[in-house]
Amino acid sequence: MRKGLHPLVMIGLVAAVTLAGRALPTWTLSLATIAASNALIALGIVVLARTGNVSFGQGLFFAAGGYGVALIANAWGLTDAVAQVIVGAACGGLLGLVIGPLIARYSGIFFGMLTLALSMVFYGALVKSTALGGSDGFNVGRPSLFGMSFTDPREADFMLYAVSVIVTGCAGIAATILFRSEFGLASLAVRENNLRVEYLGLSANRIISINFLIAAIFAGASGAFALMAQRHIDPQFAYWTTSGEFVFVAVLAGNQSVAAVFVASMALELVRSFSNLYLPNTWQLVLGVFLLGVILFLPRGIGSLWIRDRRKRRIPATAPFTAERGAAP
């Protein structure tokens, strides 16, 4: 197991990125907030993918977190950003706690299609529900932070940016520690051969359920961020195309590096934003070409760029021994 950055160094990087928001333009703050939100839910997909399963229905938990926060915010006047993130994560986690053990017995394409079907069922229920605004959804108020309201738009954007970066960064640090743990290695073992994992006395279904629960919590918190950024929610949160975007981010990042998830999410948002600005009639084509280019030239994801360089730096140290071994009679 290769060594990575120390958690304290990661915390320092998160703090540096948060403070760097003071120097960013206002439009970049909004873009970075959306990218951090998408990276959070994509990180959950990467956590689940380490068991060999991919969820095409994370929009289900994304919408559950957003709608849960919106209902509580409108009913009880909850506006604190941190509290809304906690509520969103709790809503997604409770739903994942119920669904996870039920679908953990499936794998491969059956697992993915089942999650997609559940998401579309939830989407249909949201569209038909007049109490939740139907297809139009409903609005929520501007978020606050620890009782402080922000009337200046830039200060409000920076507050949301800071909260999203800190929460997503902490989730990334937790995921890194999880990947290095015995449980993280057991997740990889489930992907390779779940029967041998059972022979070791571990429950493959339980490992998949726990990873699924983590992905659901991340998705619920991401839904809270999306709600606070847009101040509006509608059934589109649970639609299959929304889930597909999150899977795209996970595919672009790969499963070799947690940092790659954030880089891939930001890169995707930048390409989408600039192509929509300068090529409004063909921005989908530009986005599709970008995705195809990454998949063709970086099949293992953006994270393979620095992982590959790290491996190359190790080769010279072992090359002489390899040459001597090969030259031996």
# chains A, B, ... in the order shown; residues from 1 in each chain; ligands from 1
>>> residues_around(residues="segment 22-25 of chain A", least_positions_apart="2", cutoff="12 Å", atoms="only C-alpha atoms", output="PyMOL selection string")
chain A and resi 16-20+27-32+154-155+157-159+161-162
>>> residues_around(residues="segment 206-213 of chain A", least_positions_apart="5", cutoff="9 Å", atoms="only C-alpha atoms", output="list in words")
Gly44, Ile45, Val47, Leu48, Ala49, Arg50, Thr51, Asn53, Ser55, Gly92, Gly93, Leu94, Leu95, Gly96, Leu97, Ile99, Gly100, Pro101, Leu102, Ile103, Ala104, Arg105, Phe183, Ala186, Ser187, Val190 and Phe218 of chain A
>>> residues_around(residues="segment 269-277 of chain A", least_positions_apart="4", cutoff="10 Å", atoms="only C-alpha atoms", output="list in words")
Thr28, Leu31, Ala32, Ile34, Ala35, Asn38, Val249, Ala264, Ser265, Asn281, Thr282, Trp283, Gln284, Leu285, Val286, Leu287, Gly288 and Phe290 of chain A
>>> write_last_selection(atoms="all heavy atoms", output="short mmCIF file (atom, residue, chain, number, x, y, z; two decimals), in the first residue's frame")
data_model
loop_
_atom_site.label_atom_id
_atom_site.label_comp_id
_atom_site.auth_asym_id
_atom_site.auth_seq_id
_atom_site.Cartn_x
_atom_site.Cartn_y
_atom_site.Cartn_z
N THR A 28 -16.50 32.73 -10.29
CA THR A 28 -15.72 31.53 -10.01
C THR A 28 -16.14 30.89 -8.69
O THR A 28 -16.12 29.66 -8.56
CB THR A 28 -14.22 31.88 -9.96
OG1 THR A 28 -13.86 32.62 -11.12
CG2 THR A 28 -13.38 30.63 -9.86
N LEU A 31 -19.16 28.79 -9.42
CA LEU A 31 -18.76 27.62 -10.19
C LEU A 31 -18.05 26.60 -9.31
O LEU A 31 -18.29 25.39 -9.41
CB LEU A 31 -17.85 28.05 -11.35
CG LEU A 31 -17.59 27.01 -12.44
CD1 LEU A 31 -18.87 26.74 -13.23
CD2 LEU A 31 -16.49 27.49 -13.38
N ALA A 32 -17.17 27.09 -8.44
CA ALA A 32 -16.43 26.19 -7.56
C ALA A 32 -17.35 25.52 -6.54
O ALA A 32 -17.14 24.36 -6.17
CB ALA A 32 -15.33 26.96 -6.83
N ILE A 34 -20.52 24.67 -7.07
CA ILE A 34 -21.20 23.59 -7.80
C ILE A 34 -20.24 22.43 -8.02
O ILE A 34 -20.61 21.25 -7.89
CB ILE A 34 -21.75 24.12 -9.13
CG1 ILE A 34 -22.80 25.19 -8.87
CG2 ILE A 34 -22.34 22.98 -9.96
CD1 ILE A 34 -23.32 25.86 -10.13
N ALA A 35 -18.98 22.74 -8.37
CA ALA A 35 -18.00 21.69 -8.61
C ALA A 35 -17.73 20.90 -7.34
O ALA A 35 -17.61 19.67 -7.37
CB ALA A 35 -16.69 22.31 -9.13
N ASN A 38 -20.72 18.58 -6.76
CA ASN A 38 -20.69 17.41 -7.64
C ASN A 38 -19.56 16.46 -7.27
O ASN A 38 -19.70 15.24 -7.39
CB ASN A 38 -20.53 17.87 -9.09
CG ASN A 38 -21.75 18.61 -9.61
OD1 ASN A 38 -22.83 18.54 -9.02
ND2 ASN A 38 -21.59 19.35 -10.69
N VAL A 249 -18.35 12.29 -13.79
CA VAL A 249 -17.27 12.85 -12.98
C VAL A 249 -16.42 11.73 -12.37
O VAL A 249 -15.19 11.79 -12.36
CB VAL A 249 -17.83 13.76 -11.87
CG1 VAL A 249 -16.72 14.25 -10.95
CG2 VAL A 249 -18.56 14.95 -12.48
N ALA A 264 -11.46 16.60 -11.56
CA ALA A 264 -12.36 16.24 -12.65
C ALA A 264 -13.66 17.03 -12.58
O ALA A 264 -14.18 17.47 -13.62
CB ALA A 264 -12.66 14.74 -12.60
N SER A 265 -14.18 17.22 -11.39
CA SER A 265 -15.43 17.96 -11.25
C SER A 265 -15.25 19.42 -11.66
O SER A 265 -16.09 19.98 -12.38
CB SER A 265 -15.92 17.89 -9.79
OG SER A 265 -17.14 18.59 -9.64
N ASN A 281 -24.85 26.94 -29.07
CA ASN A 281 -25.64 26.00 -29.87
C ASN A 281 -25.01 24.61 -29.94
O ASN A 281 -25.70 23.65 -30.31
CB ASN A 281 -25.82 26.55 -31.29
CG ASN A 281 -26.61 27.85 -31.31
OD1 ASN A 281 -27.54 28.03 -30.52
ND2 ASN A 281 -26.25 28.75 -32.22
N THR A 282 -23.74 24.51 -29.62
CA THR A 282 -23.06 23.21 -29.74
C THR A 282 -22.27 22.86 -28.48
O THR A 282 -21.30 22.11 -28.54
CB THR A 282 -22.09 23.23 -30.94
OG1 THR A 282 -21.16 24.30 -30.78
CG2 THR A 282 -22.85 23.40 -32.25
N TRP A 283 -22.68 23.41 -27.33
CA TRP A 283 -21.91 23.16 -26.12
C TRP A 283 -21.98 21.69 -25.70
O TRP A 283 -21.03 21.15 -25.12
CB TRP A 283 -22.37 24.06 -24.99
CG TRP A 283 -23.75 23.74 -24.45
CD1 TRP A 283 -24.93 24.24 -24.89
CD2 TRP A 283 -24.06 22.85 -23.37
NE1 TRP A 283 -25.97 23.72 -24.16
CE2 TRP A 283 -25.46 22.87 -23.21
CE3 TRP A 283 -23.30 22.05 -22.52
CZ2 TRP A 283 -26.12 22.11 -22.26
CZ3 TRP A 283 -23.95 21.30 -21.56
CH2 TRP A 283 -25.34 21.33 -21.44
N GLN A 284 -23.10 21.00 -26.02
CA GLN A 284 -23.17 19.58 -25.68
C GLN A 284 -22.14 18.78 -26.47
O GLN A 284 -21.55 17.81 -25.96
CB GLN A 284 -24.57 19.03 -25.97
CG GLN A 284 -25.67 19.63 -25.11
CD GLN A 284 -26.37 20.79 -25.80
OE1 GLN A 284 -25.78 21.41 -26.69
NE2 GLN A 284 -27.59 21.07 -25.41
N LEU A 285 -21.91 19.19 -27.74
CA LEU A 285 -20.91 18.51 -28.56
C LEU A 285 -19.51 18.69 -27.97
O LEU A 285 -18.72 17.74 -27.92
CB LEU A 285 -20.96 19.05 -29.99
CG LEU A 285 -19.92 18.47 -30.97
CD1 LEU A 285 -20.12 16.98 -31.13
CD2 LEU A 285 -20.04 19.18 -32.32
N VAL A 286 -19.20 19.90 -27.55
CA VAL A 286 -17.89 20.17 -26.94
C VAL A 286 -17.71 19.34 -25.67
O VAL A 286 -16.63 18.75 -25.44
CB VAL A 286 -17.74 21.67 -26.63
CG1 VAL A 286 -16.42 21.93 -25.90
CG2 VAL A 286 -17.82 22.48 -27.90
N LEU A 287 -18.74 19.28 -24.86
CA LEU A 287 -18.66 18.50 -23.63
C LEU A 287 -18.48 17.02 -23.94
O LEU A 287 -17.69 16.33 -23.28
CB LEU A 287 -19.93 18.71 -22.80
CG LEU A 287 -19.93 18.17 -21.38
CD1 LEU A 287 -18.85 18.82 -20.54
CD2 LEU A 287 -21.29 18.40 -20.72
N GLY A 288 -19.18 16.53 -24.95
CA GLY A 288 -19.03 15.13 -25.33
C GLY A 288 -17.65 14.80 -25.85
O GLY A 288 -17.08 13.76 -25.53
N PHE A 290 -14.91 16.37 -25.04
CA PHE A 290 -14.02 16.41 -23.87
C PHE A 290 -14.07 15.08 -23.12
O PHE A 290 -13.03 14.51 -22.75
CB PHE A 290 -14.41 17.56 -22.96
CG PHE A 290 -13.71 17.57 -21.64
CD1 PHE A 290 -12.37 17.90 -21.55
CD2 PHE A 290 -14.39 17.24 -20.47
CE1 PHE A 290 -11.71 17.90 -20.32
CE2 PHE A 290 -13.75 17.23 -19.25
CZ PHE A 290 -12.40 17.56 -19.17
#
>>> atom_distance(atom1="atom CA of Phe146 of chain A", atom2="atom CA of Ile177 of chain A")
29.2 Å
>>> atom_distance(atom1="atom CA of Phe138 of chain A", atom2="atom CA of Val85 of chain A")
18.5 Å
>>> decode(residues="segment 24-53 of chain A", atoms="N, CA, C and O atoms", output="mmCIF file, in the first residue's frame")
data_model
loop_
_atom_site.group_PDB
_atom_site.id
_atom_site.type_symbol
_atom_site.label_atom_id
_atom_site.label_comp_id
_atom_site.auth_asym_id
_atom_site.auth_seq_id
_atom_site.Cartn_x
_atom_site.Cartn_y
_atom_site.Cartn_z
ATOM 1 N N LEU A 24 -10.690 35.002 -5.622
ATOM 2 C CA LEU A 24 -11.362 34.534 -6.834
ATOM 3 C C LEU A 24 -12.489 35.478 -7.229
ATOM 4 O O LEU A 24 -13.110 36.099 -6.363
ATOM 5 N N PRO A 25 -12.771 35.603 -8.533
ATOM 6 C CA PRO A 25 -13.931 36.392 -8.974
ATOM 7 C C PRO A 25 -15.236 35.773 -8.468
ATOM 8 O O PRO A 25 -15.293 34.588 -8.126
ATOM 9 N N THR A 26 -16.281 36.583 -8.463
ATOM 10 C CA THR A 26 -17.561 36.118 -7.927
ATOM 11 C C THR A 26 -18.111 34.942 -8.721
ATOM 12 O O THR A 26 -18.616 33.969 -8.144
ATOM 13 N N TRP A 27 -18.004 35.000 -10.058
ATOM 14 C CA TRP A 27 -18.553 33.912 -10.868
ATOM 15 C C TRP A 27 -17.797 32.607 -10.630
ATOM 16 O O TRP A 27 -18.368 31.521 -10.708
ATOM 17 N N THR A 28 -16.502 32.725 -10.291
ATOM 18 C CA THR A 28 -15.717 31.529 -10.009
ATOM 19 C C THR A 28 -16.139 30.891 -8.694
ATOM 20 O O THR A 28 -16.115 29.659 -8.560
ATOM 21 N N LEU A 29 -16.542 31.701 -7.723
ATOM 22 C CA LEU A 29 -17.011 31.154 -6.451
ATOM 23 C C LEU A 29 -18.240 30.278 -6.656
ATOM 24 O O LEU A 29 -18.337 29.172 -6.098
ATOM 25 N N SER A 30 -19.186 30.762 -7.448
ATOM 26 C CA SER A 30 -20.396 29.977 -7.710
ATOM 27 C C SER A 30 -20.053 28.689 -8.453
ATOM 28 O O SER A 30 -20.584 27.614 -8.144
ATOM 29 N N LEU A 31 -19.156 28.788 -9.425
ATOM 30 C CA LEU A 31 -18.759 27.616 -10.194
ATOM 31 C C LEU A 31 -18.047 26.598 -9.314
ATOM 32 O O LEU A 31 -18.292 25.387 -9.410
ATOM 33 N N ALA A 32 -17.166 27.087 -8.440
ATOM 34 C CA ALA A 32 -16.430 26.189 -7.555
ATOM 35 C C ALA A 32 -17.355 25.522 -6.543
ATOM 36 O O ALA A 32 -17.141 24.362 -6.166
ATOM 37 N N THR A 33 -18.396 26.230 -6.108
ATOM 38 C CA THR A 33 -19.363 25.635 -5.179
ATOM 39 C C THR A 33 -20.088 24.477 -5.824
ATOM 40 O O THR A 33 -20.266 23.403 -5.225
ATOM 41 N N ILE A 34 -20.521 24.666 -7.066
ATOM 42 C CA ILE A 34 -21.198 23.587 -7.798
ATOM 43 C C ILE A 34 -20.239 22.430 -8.025
ATOM 44 O O ILE A 34 -20.613 21.249 -7.891
ATOM 45 N N ALA A 35 -18.982 22.744 -8.374
ATOM 46 C CA ALA A 35 -17.995 21.691 -8.607
ATOM 47 C C ALA A 35 -17.734 20.898 -7.335
ATOM 48 O O ALA A 35 -17.610 19.667 -7.372
ATOM 49 N N ALA A 36 -17.640 21.584 -6.193
ATOM 50 C CA ALA A 36 -17.429 20.883 -4.929
ATOM 51 C C ALA A 36 -18.618 19.995 -4.578
ATOM 52 O O ALA A 36 -18.451 18.885 -4.074
ATOM 53 N N SER A 37 -19.830 20.487 -4.873
ATOM 54 C CA SER A 37 -21.029 19.696 -4.617
ATOM 55 C C SER A 37 -21.041 18.434 -5.473
ATOM 56 O O SER A 37 -21.322 17.330 -4.980
ATOM 57 N N ASN A 38 -20.723 18.579 -6.758
ATOM 58 C CA ASN A 38 -20.688 17.412 -7.643
ATOM 59 C C ASN A 38 -19.555 16.459 -7.274
ATOM 60 O O ASN A 38 -19.697 15.237 -7.394
ATOM 61 N N ALA A 39 -18.419 17.030 -6.827
ATOM 62 C CA ALA A 39 -17.300 16.186 -6.430
ATOM 63 C C ALA A 39 -17.651 15.345 -5.208
ATOM 64 O O ALA A 39 -17.215 14.194 -5.091
ATOM 65 N N LEU A 40 -18.450 15.886 -4.311
ATOM 66 C CA LEU A 40 -18.829 15.160 -3.100
ATOM 67 C C LEU A 40 -19.637 13.914 -3.430
ATOM 68 O O LEU A 40 -19.370 12.829 -2.912
ATOM 69 N N ILE A 41 -20.611 14.064 -4.325
ATOM 70 C CA ILE A 41 -21.432 12.904 -4.672
ATOM 71 C C ILE A 41 -20.654 11.934 -5.558
ATOM 72 O O ILE A 41 -20.819 10.711 -5.460
ATOM 73 N N ALA A 42 -19.754 12.464 -6.431
ATOM 74 C CA ALA A 42 -18.920 11.590 -7.247
ATOM 75 C C ALA A 42 -17.947 10.800 -6.384
ATOM 76 O O ALA A 42 -17.619 9.651 -6.694
ATOM 77 N N LEU A 43 -17.482 11.415 -5.294
ATOM 78 C CA LEU A 43 -16.598 10.705 -4.369
ATOM 79 C C LEU A 43 -17.312 9.499 -3.765
ATOM 80 O O LEU A 43 -16.713 8.438 -3.584
ATOM 81 N N GLY A 44 -18.593 9.667 -3.458
ATOM 82 C CA GLY A 44 -19.365 8.529 -2.966
ATOM 83 C C GLY A 44 -19.472 7.418 -3.999
ATOM 84 O O GLY A 44 -19.430 6.228 -3.655
ATOM 85 N N ILE A 45 -19.605 7.788 -5.271
ATOM 86 C CA ILE A 45 -19.662 6.780 -6.337
ATOM 87 C C ILE A 45 -18.335 6.040 -6.433
ATOM 88 O O ILE A 45 -18.299 4.815 -6.644
ATOM 89 N N VAL A 46 -17.224 6.760 -6.258
ATOM 90 C CA VAL A 46 -15.905 6.127 -6.281
ATOM 91 C C VAL A 46 -15.756 5.166 -5.100
ATOM 92 O O VAL A 46 -15.212 4.060 -5.252
ATOM 93 N N VAL A 47 -16.236 5.575 -3.925
ATOM 94 C CA VAL A 47 -16.195 4.688 -2.752
ATOM 95 C C VAL A 47 -16.955 3.397 -3.040
ATOM 96 O O VAL A 47 -16.475 2.295 -2.740
ATOM 97 N N LEU A 48 -18.128 3.520 -3.643
ATOM 98 C CA LEU A 48 -18.925 2.339 -3.960
ATOM 99 C C LEU A 48 -18.294 1.527 -5.078
ATOM 100 O O LEU A 48 -18.359 0.286 -5.071
ATOM 101 N N ALA A 49 -17.684 2.199 -6.056
ATOM 102 C CA ALA A 49 -17.085 1.505 -7.194
ATOM 103 C C ALA A 49 -15.920 0.616 -6.778
ATOM 104 O O ALA A 49 -15.567 -0.327 -7.498
ATOM 105 N N ARG A 50 -15.306 0.890 -5.641
ATOM 106 C CA ARG A 50 -14.195 0.055 -5.174
ATOM 107 C C ARG A 50 -14.662 -1.352 -4.817
ATOM 108 O O ARG A 50 -13.841 -2.263 -4.690
ATOM 109 N N THR A 51 -15.964 -1.538 -4.635
ATOM 110 C CA THR A 51 -16.503 -2.875 -4.412
ATOM 111 C C THR A 51 -16.905 -3.548 -5.717
ATOM 112 O O THR A 51 -17.412 -4.677 -5.697
ATOM 113 N N GLY A 52 -16.723 -2.860 -6.856
ATOM 114 C CA GLY A 52 -17.091 -3.425 -8.145
ATOM 115 C C GLY A 52 -18.489 -3.077 -8.592
ATOM 116 O O GLY A 52 -18.964 -3.613 -9.604
ATOM 117 N N ASN A 53 -19.170 -2.170 -7.886
ATOM 118 C CA ASN A 53 -20.540 -1.781 -8.236
ATOM 119 C C ASN A 53 -20.599 -0.281 -8.490
ATOM 120 O O ASN A 53 -19.930 0.497 -7.805
#
